[in-house]
file start.cif (mmCIF, C-alpha atoms)
data_protein
loop_
_atom_site.label_atom_id
_atom_site.label_comp_id
_atom_site.auth_asym_id
_atom_site.auth_seq_id
_atom_site.Cartn_x
_atom_site.Cartn_y
_atom_site.Cartn_z
CA MET A 135 0.00 0.00 0.00
CA ASN A 136 1.13 3.53 -0.74
CA ASN A 137 1.88 5.84 2.15
CA PRO A 138 -1.45 6.42 3.92
CA ALA A 139 -0.34 9.90 5.01
CA THR A 140 -1.94 11.25 1.84
CA PHE A 141 -5.34 10.22 3.21
CA ILE A 142 -4.92 11.90 6.58
CA ASP A 143 -6.21 15.28 7.77
CA HIS A 144 -3.80 16.09 10.60
CA THR A 145 -6.27 17.51 13.09
CA LEU A 146 -6.12 19.77 16.13
CA LEU A 147 -9.47 21.17 17.22
CA ARG A 148 -9.19 21.21 21.03
CA PRO A 149 -10.95 24.35 22.34
CA ASP A 150 -7.83 25.63 24.10
CA CYS A 151 -5.23 24.78 21.46
CA THR A 152 -2.62 27.48 20.97
CA ALA A 153 -0.77 29.10 18.08
CA GLU A 154 2.37 27.28 19.22
CA GLU A 155 0.62 23.92 18.88
CA ILE A 156 -0.66 24.86 15.42
CA ARG A 157 2.88 25.72 14.30
CA ASN A 158 4.08 22.30 15.47
CA LEU A 159 1.13 20.62 13.76
CA CYS A 160 2.04 22.31 10.47
CA GLU A 161 5.66 21.16 10.78
CA ASP A 162 4.55 17.58 11.38
CA ALA A 163 2.12 17.77 8.47
CA VAL A 164 4.92 18.76 6.08
CA GLU A 165 7.29 16.15 7.49
CA TYR A 166 4.79 13.31 7.12
CA GLY A 167 3.12 14.56 3.94
CA PHE A 168 -0.43 14.63 5.25
CA ALA A 169 -3.26 15.68 2.94
CA ALA A 170 -4.21 18.64 5.11
CA VAL A 171 -4.19 20.14 8.54
CA CYS A 172 -7.66 20.59 10.04
CA ILE A 173 -7.57 23.48 12.49
CA PRO A 174 -9.71 26.18 14.17
CA PRO A 175 -10.76 29.16 12.03
CA VAL A 176 -8.80 31.62 14.14
CA PHE A 177 -5.53 29.92 13.10
CA VAL A 178 -6.13 29.67 9.34
CA ALA A 179 -3.89 32.60 8.37
CA LEU A 180 -1.07 31.24 10.53
CA ALA A 181 -1.34 27.75 9.01
CA ALA A 182 -1.66 29.09 5.47
CA GLU A 183 1.55 31.05 5.92
CA ARG A 184 3.38 28.05 7.38
CA LEU A 185 2.14 25.64 4.70
CA TYR A 186 2.51 27.89 1.66
CA GLY A 187 3.97 25.85 -1.20
CA SER A 188 4.19 22.66 0.89
CA GLY A 189 1.44 20.68 -0.82
CA VAL A 190 -0.35 20.31 2.53
CA ALA A 191 -3.81 21.90 2.37
CA VAL A 192 -5.35 24.07 5.08
CA ALA A 193 -8.75 22.77 6.15
CA THR A 194 -10.88 24.51 8.76
CA VAL A 195 -14.25 24.05 10.40
CA VAL A 196 -17.51 25.97 10.02
CA GLY A 197 -20.47 25.91 12.41
CA PHE A 198 -18.28 23.72 14.56
CA PRO A 199 -18.93 21.61 16.54
CA PHE A 200 -22.67 22.10 17.17
CA GLY A 201 -23.89 23.23 13.74
CA TYR A 202 -26.65 25.46 15.09
CA VAL A 203 -25.57 28.83 13.78
CA PRO A 204 -27.69 30.23 10.92
CA SER A 205 -26.67 29.54 7.32
CA GLU A 206 -25.68 33.18 6.92
CA THR A 207 -23.10 32.74 9.68
CA LYS A 208 -21.80 29.53 8.11
CA ALA A 209 -21.46 31.30 4.75
CA PHE A 210 -19.70 34.25 6.40
CA GLU A 211 -17.31 31.91 8.23
CA THR A 212 -16.61 30.07 4.98
CA GLN A 213 -15.85 33.20 2.95
CA GLY A 214 -13.65 34.59 5.70
CA ALA A 215 -11.73 31.34 6.08
CA ILE A 216 -11.07 31.13 2.35
CA ALA A 217 -9.99 34.78 2.26
CA ARG A 218 -7.46 33.96 5.01
CA GLY A 219 -6.10 30.94 3.12
CA ALA A 220 -8.31 27.93 3.85
CA GLN A 221 -8.52 25.43 0.98
CA GLU A 222 -11.02 22.95 2.42
CA ILE A 223 -14.10 23.48 4.63
CA ASP A 224 -15.46 20.96 7.15
CA MET A 225 -18.97 22.12 8.07
CA VAL A 226 -21.46 20.77 10.61
CA ILE A 227 -25.09 20.41 9.50
CA HIS A 228 -27.96 21.80 11.57
CA LEU A 229 -28.49 18.67 13.68
CA GLY A 230 -31.81 19.90 15.08
CA ALA A 231 -33.25 20.24 11.57
CA ALA A 232 -32.04 16.71 10.75
CA ALA A 233 -33.58 15.43 14.00
CA GLN A 234 -36.91 16.84 12.86
CA LYS A 235 -36.36 15.35 9.38
CA ASP A 236 -36.48 18.78 7.79
CA PHE A 237 -34.13 17.64 5.03
CA ARG A 238 -34.96 20.57 2.80
CA ALA A 239 -33.54 22.91 5.47
CA VAL A 240 -30.46 20.71 5.87
CA GLU A 241 -29.82 20.71 2.12
CA GLU A 242 -30.28 24.47 1.81
CA ASP A 243 -27.91 25.07 4.73
CA ILE A 244 -25.23 22.93 3.05
CA ARG A 245 -25.82 24.63 -0.30
CA GLN A 246 -25.11 28.06 1.18
CA VAL A 247 -21.75 26.86 2.47
CA VAL A 248 -20.90 25.14 -0.83
CA GLU A 249 -21.69 28.36 -2.71
CA ALA A 250 -19.63 30.44 -0.29
CA ALA A 251 -16.74 27.98 -0.64
CA GLY A 252 -16.47 28.39 -4.41
CA ALA A 253 -13.82 25.96 -5.68
CA ALA A 254 -12.88 24.72 -2.18
CA PRO A 255 -14.22 21.25 -1.37
CA VAL A 256 -16.81 21.12 1.42
CA LYS A 257 -16.94 18.18 3.80
CA VAL A 258 -20.34 17.81 5.43
CA ILE A 259 -20.22 16.52 9.00
CA LEU A 260 -23.34 14.45 9.70
CA GLU A 261 -22.58 13.65 13.38
CA CYS A 262 -23.75 10.08 12.77
CA CYS A 263 -24.03 9.23 16.48
CA CYS A 264 -27.17 11.39 16.63
CA PHE A 265 -29.18 9.60 13.95
CA ASP A 266 -30.67 6.29 12.84
CA ARG A 267 -29.86 4.61 9.53
CA GLN A 268 -32.77 6.16 7.64
CA VAL A 269 -31.85 9.71 8.65
CA LYS A 270 -28.18 9.15 7.86
CA GLU A 271 -29.09 7.94 4.38
CA ALA A 272 -31.29 10.98 3.82
CA LEU A 273 -28.48 13.28 4.99
CA VAL A 274 -26.06 11.82 2.44
CA GLY A 275 -28.69 12.70 -0.18
CA CYS A 276 -28.81 16.29 1.11
CA ALA A 277 -25.03 16.60 0.77
CA ARG A 278 -25.03 15.14 -2.73
CA ARG A 279 -27.81 17.40 -3.99
CA ALA A 280 -26.10 20.45 -2.45
CA ALA A 281 -22.92 19.54 -4.39
CA ALA A 282 -20.67 18.93 -1.40
CA ALA A 283 -17.40 17.09 -2.00
CA TYR A 284 -17.46 14.79 1.04
CA VAL A 285 -19.69 13.49 3.78
CA LYS A 286 -17.92 13.07 7.09
CA THR A 287 -18.99 10.83 9.95
CA SER A 288 -18.39 12.89 13.09
CA THR A 289 -17.10 16.05 14.72
CA GLY A 290 -15.00 14.07 17.20
CA PHE A 291 -16.80 15.91 20.02
CA GLY A 292 -20.16 14.12 19.96
CA THR A 293 -21.32 11.15 22.02
CA GLY A 294 -19.73 8.82 19.47
CA GLY A 295 -17.00 8.93 16.83
CA ALA A 296 -16.53 7.15 13.51
CA THR A 297 -17.76 3.57 13.26
CA GLU A 298 -16.97 1.17 10.42
CA GLU A 299 -20.67 0.53 10.01
CA ASP A 300 -21.35 4.21 9.43
CA ALA A 301 -18.38 4.46 7.07
CA ARG A 302 -19.74 1.61 4.97
CA LEU A 303 -23.23 3.13 4.98
CA LEU A 304 -21.89 6.51 3.86
CA VAL A 305 -19.69 4.97 1.14
CA ALA A 306 -22.61 2.91 -0.17
CA ARG A 307 -24.92 5.92 -0.30
CA ALA A 308 -22.35 8.42 -1.53
CA GLY A 309 -22.06 6.96 -5.01
CA LYS A 310 -19.56 8.43 -7.43
CA ASP A 311 -20.19 12.11 -6.80
CA LEU A 312 -19.31 12.23 -3.15
CA LYS A 313 -16.31 11.06 -1.13
CA VAL A 314 -16.31 9.98 2.51
CA LYS A 315 -14.21 11.19 5.42
CA ALA A 316 -14.14 9.29 8.71
CA ALA A 317 -13.18 11.13 11.88
CA GLY A 318 -13.55 10.72 15.62
CA GLY A 319 -11.63 8.18 17.68
CA ILE A 320 -9.35 6.80 14.92
CA ARG A 321 -6.08 6.50 16.79
CA ASP A 322 -4.02 3.64 15.30
CA TRP A 323 -3.02 2.12 11.97
CA PRO A 324 -5.16 -1.06 12.21
CA SER A 325 -8.26 1.08 12.74
CA CYS A 326 -7.21 3.53 10.05
CA SER A 327 -6.62 0.73 7.54
CA ARG A 328 -10.06 -0.74 8.15
CA PHE A 329 -11.70 2.61 7.34
CA LEU A 330 -9.63 2.92 4.17
CA ALA A 331 -10.62 -0.65 3.22
CA ALA A 332 -14.26 0.39 3.69
CA GLY A 333 -13.82 2.97 0.92
CA VAL A 334 -13.13 6.07 3.00
CA THR A 335 -10.65 8.40 1.26
CA ARG A 336 -9.93 10.84 4.06
CA ILE A 337 -9.27 10.18 7.74
CA GLY A 338 -9.45 12.93 10.34
CA THR A 339 -7.26 12.17 13.35
CA SER A 340 -5.00 13.82 15.88
CA CYS A 341 -2.79 10.70 15.86
CA GLY A 342 -1.44 10.92 12.31
CA PRO A 343 2.27 10.68 13.14
CA ALA A 344 1.75 7.62 15.39
CA ILE A 345 -0.40 5.99 12.71
CA ILE A 346 2.27 6.50 10.05
CA GLU A 347 4.99 5.17 12.34
CA GLN A 348 2.89 2.05 12.92
CA TRP A 349 2.28 1.65 9.20
CA ARG A 350 6.00 1.97 8.48
CA ARG A 351 6.87 -0.74 11.00
CA GLU A 352 4.24 -3.00 9.50
CA ALA A 353 5.30 -2.22 5.90
CA SER A 354 8.95 -3.01 6.71
CA LEU A 355 8.12 -6.54 7.92
CA MET B 289 -36.14 35.08 49.58
CA ASN B 290 -37.82 36.41 46.47
CA ASN B 291 -38.57 34.02 43.65
CA PRO B 292 -35.20 32.92 42.28
CA ALA B 293 -36.67 32.44 38.80
CA THR B 294 -35.67 36.03 38.04
CA PHE B 295 -32.02 34.99 38.32
CA ILE B 296 -32.28 32.01 35.98
CA ASP B 297 -31.38 31.78 32.28
CA HIS B 298 -33.52 28.86 31.12
CA THR B 299 -31.03 27.13 28.88
CA LEU B 300 -31.15 24.66 26.02
CA LEU B 301 -27.94 24.38 24.02
CA ARG B 302 -27.78 20.68 23.15
CA PRO B 303 -26.36 20.31 19.61
CA ASP B 304 -29.40 18.44 18.32
CA CYS B 305 -32.14 20.43 20.06
CA THR B 306 -35.16 21.08 17.88
CA ALA B 307 -37.56 23.96 17.18
CA GLU B 308 -40.23 22.01 19.05
CA GLU B 309 -38.06 21.89 22.17
CA ILE B 310 -37.35 25.62 21.91
CA ARG B 311 -41.09 26.36 21.73
CA ASN B 312 -41.63 24.33 24.91
CA LEU B 313 -38.68 26.05 26.58
CA CYS B 314 -40.20 29.46 25.83
CA GLU B 315 -43.55 28.40 27.28
CA ASP B 316 -41.87 27.22 30.48
CA ALA B 317 -39.85 30.42 30.68
CA VAL B 318 -43.02 32.52 30.60
CA GLU B 319 -44.81 30.27 33.08
CA TYR B 320 -41.97 30.39 35.62
CA GLY B 321 -40.89 33.98 34.93
CA PHE B 322 -37.25 33.24 34.16
CA ALA B 323 -34.88 36.09 33.35
CA ALA B 324 -34.14 34.78 29.89
CA VAL B 325 -33.98 31.78 27.63
CA CYS B 326 -30.47 30.92 26.45
CA ILE B 327 -30.69 29.16 23.10
CA PRO B 328 -28.79 28.42 19.87
CA PRO B 329 -28.44 31.27 17.36
CA VAL B 330 -30.49 29.48 14.72
CA PHE B 331 -33.58 29.65 16.98
CA VAL B 332 -33.37 33.31 18.03
CA ALA B 333 -36.12 34.55 15.68
CA LEU B 334 -38.44 31.76 16.83
CA ALA B 335 -37.84 32.52 20.51
CA ALA B 336 -38.15 36.28 19.98
CA GLU B 337 -41.53 35.79 18.38
CA ARG B 338 -42.71 33.48 21.16
CA LEU B 339 -41.46 35.74 23.95
CA TYR B 340 -42.49 39.10 22.54
CA GLY B 341 -43.98 41.22 25.33
CA SER B 342 -43.47 38.49 27.95
CA GLY B 343 -40.68 40.11 29.93
CA VAL B 344 -38.47 37.07 29.32
CA ALA B 345 -35.32 38.06 27.41
CA VAL B 346 -33.82 36.12 24.52
CA ALA B 347 -30.16 35.31 25.12
CA THR B 348 -28.02 33.48 22.59
CA VAL B 349 -24.45 32.28 22.27
CA VAL B 350 -21.58 33.54 20.12
CA GLY B 351 -18.39 31.63 19.27
CA PHE B 352 -19.97 28.78 21.16
CA PRO B 353 -18.79 26.48 22.65
CA PHE B 354 -15.11 26.54 21.60
CA GLY B 355 -14.47 30.27 21.16
CA TYR B 356 -11.92 29.84 18.38
CA VAL B 357 -13.64 31.66 15.55
CA PRO B 358 -12.09 35.04 14.62
CA SER B 359 -13.40 38.22 16.22
CA GLU B 360 -14.95 39.25 12.91
CA THR B 361 -17.11 36.10 13.01
CA LYS B 362 -18.10 36.75 16.62
CA ALA B 363 -19.07 40.32 15.72
CA PHE B 364 -21.05 39.12 12.69
CA GLU B 365 -22.83 36.50 14.81
CA THR B 366 -23.64 39.13 17.42
CA GLN B 367 -25.06 41.66 14.95
CA GLY B 368 -27.11 38.96 13.24
CA ALA B 369 -28.48 37.63 16.51
CA ILE B 370 -29.52 41.10 17.65
CA ALA B 371 -31.14 41.80 14.28
CA ARG B 372 -33.18 38.61 14.72
CA GLY B 373 -34.30 39.59 18.23
CA ALA B 374 -31.60 38.57 20.71
CA GLN B 375 -31.37 40.84 23.77
CA GLU B 376 -28.38 39.28 25.54
CA ILE B 377 -25.18 37.72 24.17
CA ASP B 378 -23.19 34.94 25.86
CA MET B 379 -19.79 34.81 24.12
CA VAL B 380 -16.86 32.43 24.55
CA ILE B 381 -13.39 33.95 24.73
CA HIS B 382 -10.53 32.65 22.59
CA LEU B 383 -9.30 30.04 25.05
CA GLY B 384 -6.07 29.42 23.14
CA ALA B 385 -5.09 33.09 23.45
CA ALA B 386 -5.86 32.96 27.18
CA ALA B 387 -3.79 29.77 27.51
CA GLN B 388 -0.85 31.65 26.02
CA LYS B 389 -1.59 34.60 28.33
CA ASP B 390 -2.15 36.90 25.38
CA PHE B 391 -4.61 38.98 27.39
CA ARG B 392 -4.47 41.88 24.98
CA ALA B 393 -5.90 39.59 22.27
CA VAL B 394 -8.57 38.29 24.65
CA GLU B 395 -9.62 41.83 25.60
CA GLU B 396 -9.76 42.98 21.98
CA ASP B 397 -11.85 39.93 21.00
CA ILE B 398 -14.34 40.73 23.77
CA ARG B 399 -14.39 44.41 22.82
CA GLN B 400 -15.43 43.61 19.26
CA VAL B 401 -18.41 41.63 20.51
CA VAL B 402 -19.37 44.33 23.03
CA GLU B 403 -19.28 46.94 20.26
CA ALA B 404 -21.33 44.73 17.93
CA ALA B 405 -23.85 44.14 20.72
CA GLY B 406 -24.63 47.83 21.22
CA ALA B 407 -27.01 48.16 24.16
CA ALA B 408 -27.34 44.38 24.67
CA PRO B 409 -25.43 43.03 27.68
CA VAL B 410 -22.55 40.70 26.86
CA LYS B 411 -21.71 37.78 29.14
CA VAL B 412 -18.14 36.64 28.72
CA ILE B 413 -17.65 32.89 29.17
CA LEU B 414 -14.21 32.24 30.64
CA GLU B 415 -14.40 28.40 30.66
CA CYS B 416 -12.80 28.40 34.10
CA CYS B 417 -11.99 24.67 34.02
CA CYS B 418 -9.18 25.44 31.53
CA PHE B 419 -7.26 27.93 33.66
CA ASP B 420 -5.44 28.52 36.92
CA ARG B 421 -6.36 31.22 39.40
CA GLN B 422 -3.96 33.80 38.02
CA VAL B 423 -5.26 33.46 34.46
CA LYS B 424 -8.89 33.56 35.61
CA GLU B 425 -8.22 36.81 37.49
CA ALA B 426 -6.57 38.31 34.42
CA LEU B 427 -9.53 37.27 32.26
CA VAL B 428 -11.98 39.08 34.54
CA GLY B 429 -9.84 42.18 33.99
CA CYS B 430 -10.08 41.72 30.22
CA ALA B 431 -13.89 41.54 30.43
CA ARG B 432 -14.04 44.62 32.66
CA ARG B 433 -11.82 46.73 30.43
CA ALA B 434 -13.77 45.64 27.35
CA ALA B 435 -17.00 46.87 29.02
CA ALA B 436 -18.76 43.52 29.19
CA ALA B 437 -21.78 43.22 31.48
CA TYR B 438 -21.02 39.81 33.00
CA VAL B 439 -18.33 37.21 33.36
CA LYS B 440 -19.62 33.65 33.19
CA THR B 441 -17.92 30.59 34.59
CA SER B 442 -18.45 27.90 31.94
CA THR B 443 -19.99 26.81 28.67
CA GLY B 444 -21.47 23.68 30.24
CA PHE B 445 -19.65 21.62 27.60
CA GLY B 446 -16.09 21.78 28.95
CA THR B 447 -14.28 19.34 31.20
CA GLY B 448 -15.80 21.06 34.23
CA GLY B 449 -18.81 23.24 35.07
CA ALA B 450 -19.38 26.00 37.59
CA THR B 451 -17.67 25.66 40.97
CA GLU B 452 -18.44 27.77 44.01
CA GLU B 453 -14.75 28.56 44.32
CA ASP B 454 -14.69 30.00 40.80
CA ALA B 455 -17.90 31.91 41.46
CA ARG B 456 -16.39 33.54 44.55
CA LEU B 457 -13.19 34.35 42.66
CA LEU B 458 -15.14 35.98 39.80
CA VAL B 459 -17.38 37.95 42.19
CA ALA B 460 -14.36 39.19 44.14
CA ARG B 461 -12.54 40.32 40.99
CA ALA B 462 -15.58 41.66 39.16
CA GLY B 463 -16.05 44.65 41.43
CA LYS B 464 -18.99 46.96 40.84
CA ASP B 465 -18.85 47.22 37.07
CA LEU B 466 -19.30 43.58 36.22
CA LYS B 467 -21.85 40.95 37.22
CA VAL B 468 -21.28 37.21 37.44
CA LYS B 469 -23.18 34.33 35.84
CA ALA B 470 -22.60 30.75 36.92
CA ALA B 471 -23.45 27.92 34.51
CA GLY B 472 -22.60 24.29 34.00
CA GLY B 473 -23.87 21.47 36.21
CA ILE B 474 -26.21 23.52 38.44
CA ARG B 475 -29.17 21.17 38.68
CA ASP B 476 -30.95 21.70 42.02
CA TRP B 477 -32.09 24.44 44.37
CA PRO B 478 -29.50 23.84 47.13
CA SER B 479 -26.70 24.22 44.59
CA CYS B 480 -28.40 27.22 42.97
CA SER B 481 -28.87 28.95 46.31
CA ARG B 482 -25.20 28.53 47.20
CA PHE B 483 -24.17 30.28 43.98
CA LEU B 484 -26.62 33.11 44.66
CA ALA B 485 -25.23 33.42 48.19
CA ALA B 486 -21.75 33.73 46.67
CA GLY B 487 -22.88 36.88 44.86
CA VAL B 488 -23.77 35.43 41.47
CA THR B 489 -26.75 37.25 39.92
CA ARG B 490 -27.49 34.96 36.99
CA ILE B 491 -27.63 31.16 36.85
CA GLY B 492 -27.57 29.25 33.57
CA THR B 493 -29.26 25.88 33.87
CA SER B 494 -31.42 23.45 31.95
CA CYS B 495 -33.13 22.49 35.22
CA GLY B 496 -34.90 25.78 35.98
CA PRO B 497 -38.42 24.39 36.48
CA ALA B 498 -37.20 21.62 38.84
CA ILE B 499 -35.15 24.18 40.77
CA ILE B 500 -38.16 26.48 41.23
CA GLU B 501 -40.38 23.57 42.29
CA GLN B 502 -37.78 22.64 44.93
CA TRP B 503 -37.54 26.25 46.09
CA ARG B 504 -41.33 26.46 46.38
CA ARG B 505 -41.50 23.33 48.50
CA GLU B 506 -38.75 24.65 50.75
CA ALA B 507 -40.32 28.14 50.96
CA SER B 508 -43.69 26.66 51.97
CA LEU B 509 -42.20 24.77 54.92
#
call {"tool": "encode", "arguments": {"input": "start.cif", "output": "structure tokens"}}
result
Amino acid sequence: MNNPATFIDHTLLRPDCTAEEIRNLCEDAVEYGFAAVCIPPVFVALAAERLYGSGVAVATVVGFPFGYVPSETKAFETQGAIARGAQEIDMVIHLGAAAQKDFRAVEEDIRQVVEAAGAAPVKVILECCCFDRQVKEALVGCARRAAAAYVKTSTGFGTGGATEEDARLLVARAGKDLKVKAAGGIRDWPSCSRFLAAGVTRIGTSCGPAIIEQWRREASL
Amino acid sequence: MNNPATFIDHTLLRPDCTAEEIRNLCEDAVEYGFAAVCIPPVFVALAAERLYGSGVAVATVVGFPFGYVPSETKAFETQGAIARGAQEIDMVIHLGAAAQKDFRAVEEDIRQVVEAAGAAPVKVILECCCFDRQVKEALVGCARRAAAAYVKTSTGFGTGGATEEDARLLVARAGKDLKVKAAGGIRDWPSCSRFLAAGVTRIGTSCGPAIIEQWRREASL
């Protein structure tokens, strides 16, 4: 298998994370060749400066982690993040609208972020732990119709993280137009490899370096 | 003691809370005579409509719960919330800046929300569980200099909620210009009454009705 670093969003979204930690994260991301860093909006300009020309993308979060800001705020956050150098947007849906099965509202909310993002891919966080199978399937449809690039399992701050069952469900429903990102609780290479085998093409984790070290040891056997 | 309902922000900030739950919350708030409802930004217009003329204020959250959106986003959220009918703003500081003791940045972030809020009182959530005594004292100073109305102990979603020790510390440092709100884990009347005795003048809780029922039983003895 090729180096799995290219599938990993090197992630630091702790509420009290500091500029110093973001600088270190960016250094690690370049060293390991991760797909992106996924960081708080307030640090986008810093990361964009550090990662300029490195091939590592800057991803940030919108409406994170609860998703209950209005669409106009999500669009504003998205435009601002892109103006400061973000290249990918991980947004949280309005979970309360999904809970009430108001899928038209969910789709419209996603669409406003996708439009604000322009050419930048939008990953739509469904927070799968909140919903049953039927709702999760409907939410993938919302993301597809709103022209998102990815559906993503979890914020990493909900009552549950990524499960392989959810990953398979999302991959099956996503079809060709939509990719799948798994995030939340993926901390080692065996777990990571199972999600990749399930058809996931992006993994969000704060354990990227440890995962790659494990993969290297295994690959050298 | 007078009815403590007038000190309570009747709060519902669960990520997946629905419009239906917000309608019920507003009804309860009117029935019990709470100071305010504290609700997600996406439901401000709904709550404002329901509470018009009731004497119950609409409070909402900004930069919630992680505080790491840029000041421009917090200001945008604040202006939007007020335009939709919010009367009080509960904002989260940039915890990462506080962790690095960049108090000038914390103060400026608060100031931008206070300016965006105009006449609406701003409650500054310090997320006390993240910081030592010295930092917490400095943060109260930031809120005072930025002309906030309140400092508030916690988001209710951090690693710890309100403690009486923190409440006393905030009251002592707040002086005359600043009030104190305690929130996070306050679920019964005995606990609520201890915070009020410590000098707190607003309590954020999702257990307001149960607290008032307990107080009534005690008051009738």
call {"tool": "interface_residues", "arguments": {"input": "start.cif", "of": "chain B", "to": "chain A", "cutoff": "9 Å", "atoms": "all atoms listed in the file", "output": "PyMOL selection string"}}
result
chain B and resi 301-308+328-331+350+352-361+364-365+368+382-388+418+446
call {"tool": "resolve_selection", "arguments": {"input": "start.cif", "expression": "the PyMOL selection byres ((chain A and resi 332-348) around 6)", "output": "list in words"}}
result
Phe141, Ile142, Asp143, His144, Thr145, Arg302, Val314, Lys315, Ala316, Ala317, Ile320, Arg321, Asp322, Trp323, Phe329, Leu330, Ala331, Trp349, Arg350 and Arg351 of chain A
call {"tool": "resolve_selection", "arguments": {"input": "start.cif", "expression": "the PyMOL selection byres ((chain A and resi 181-191) around 7)", "output": "PyMOL selection string"}}
result
chain A and resi 160+163-164+167-171+177-180+192-193+219-221
call {"tool": "atom_distance", "arguments": {"input": "start.cif", "atom1": "atom CA of B:Val439", "atom2": "atom CA of B:Leu458"}}
result
7.3 Å
call {"tool": "atom_distance", "arguments": {"input": "start.cif", "atom1": "atom CA of B:Met289", "atom2": "atom CA of B:Val428"}}
result
28.7 Å
call {"tool": "atom_distance", "arguments": {"input": "start.cif", "atom1": "atom CA of A:Glu298", "atom2": "atom CA of A:Ala251"}}
result
29.0 Å
call {"tool": "resolve_selection", "arguments": {"input": "start.cif", "expression": "the PyMOL selection byres ((chain A and resi 311) around 10)", "output": "number ranges by chain"}}
result
A: 278-279, 281-284, 308-310, 312-313
call {"tool": "decode", "arguments": {"input": "start.cif", "residues": "stretch 322-334 of chain A", "atoms": "N, CA and C atoms", "output": "PDB file, in the first residue's frame"}}
result
ATOM      1  N   ASP A 322      -5.145   4.523  15.640  1.00  0.00           N
ATOM      2  CA  ASP A 322      -4.021   3.641  15.301  1.00  0.00           C
ATOM      3  C   ASP A 322      -4.153   3.147  13.865  1.00  0.00           C
ATOM      4  N   TRP A 323      -3.056   2.539  13.371  1.00  0.00           N
ATOM      5  CA  TRP A 323      -3.023   2.120  11.972  1.00  0.00           C
ATOM      6  C   TRP A 323      -4.009   0.991  11.659  1.00  0.00           C
ATOM      7  N   PRO A 324      -4.173  -0.020  12.528  1.00  0.00           N
ATOM      8  CA  PRO A 324      -5.158  -1.060  12.214  1.00  0.00           C
ATOM      9  C   PRO A 324      -6.557  -0.485  11.999  1.00  0.00           C
ATOM     10  N   SER A 325      -6.960   0.437  12.874  1.00  0.00           N
ATOM     11  CA  SER A 325      -8.263   1.077  12.743  1.00  0.00           C
ATOM     12  C   SER A 325      -8.324   1.902  11.454  1.00  0.00           C
ATOM     13  N   CYS A 326      -7.301   2.692  11.239  1.00  0.00           N
ATOM     14  CA  CYS A 326      -7.214   3.529  10.047  1.00  0.00           C
ATOM     15  C   CYS A 326      -7.334   2.677   8.778  1.00  0.00           C
ATOM     16  N   SER A 327      -6.630   1.576   8.746  1.00  0.00           N
ATOM     17  CA  SER A 327      -6.621   0.730   7.539  1.00  0.00           C
ATOM     18  C   SER A 327      -7.983   0.111   7.282  1.00  0.00           C
ATOM     19  N   ARG A 328      -8.717  -0.192   8.352  1.00  0.00           N
ATOM     20  CA  ARG A 328     -10.064  -0.739   8.154  1.00  0.00           C
ATOM     21  C   ARG A 328     -10.993   0.302   7.529  1.00  0.00           C
ATOM     22  N   PHE A 329     -10.866   1.556   7.955  1.00  0.00           N
ATOM     23  CA  PHE A 329     -11.697   2.607   7.341  1.00  0.00           C
ATOM     24  C   PHE A 329     -11.324   2.811   5.872  1.00  0.00           C
ATOM     25  N   LEU A 330     -10.043   2.773   5.568  1.00  0.00           N
ATOM     26  CA  LEU A 330      -9.627   2.917   4.170  1.00  0.00           C
ATOM     27  C   LEU A 330     -10.154   1.737   3.343  1.00  0.00           C
ATOM     28  N   ALA A 331     -10.113   0.538   3.923  1.00  0.00           N
ATOM     29  CA  ALA A 331     -10.621  -0.648   3.215  1.00  0.00           C
ATOM     30  C   ALA A 331     -12.126  -0.545   2.963  1.00  0.00           C
ATOM     31  N   ALA A 332     -12.804   0.206   3.837  1.00  0.00           N
ATOM     32  CA  ALA A 332     -14.257   0.388   3.685  1.00  0.00           C
ATOM     33  C   ALA A 332     -14.591   1.401   2.586  1.00  0.00           C
ATOM     34  N   GLY A 333     -13.577   2.053   2.028  1.00  0.00           N
ATOM     35  CA  GLY A 333     -13.819   2.974   0.922  1.00  0.00           C
ATOM     36  C   GLY A 333     -13.717   4.442   1.294  1.00  0.00           C
ATOM     37  N   VAL A 334     -13.360   4.701   2.550  1.00  0.00           N
ATOM     38  CA  VAL A 334     -13.132   6.072   3.002  1.00  0.00           C
ATOM     39  C   VAL A 334     -11.859   6.602   2.337  1.00  0.00           C
TER      40      VAL A 334
END
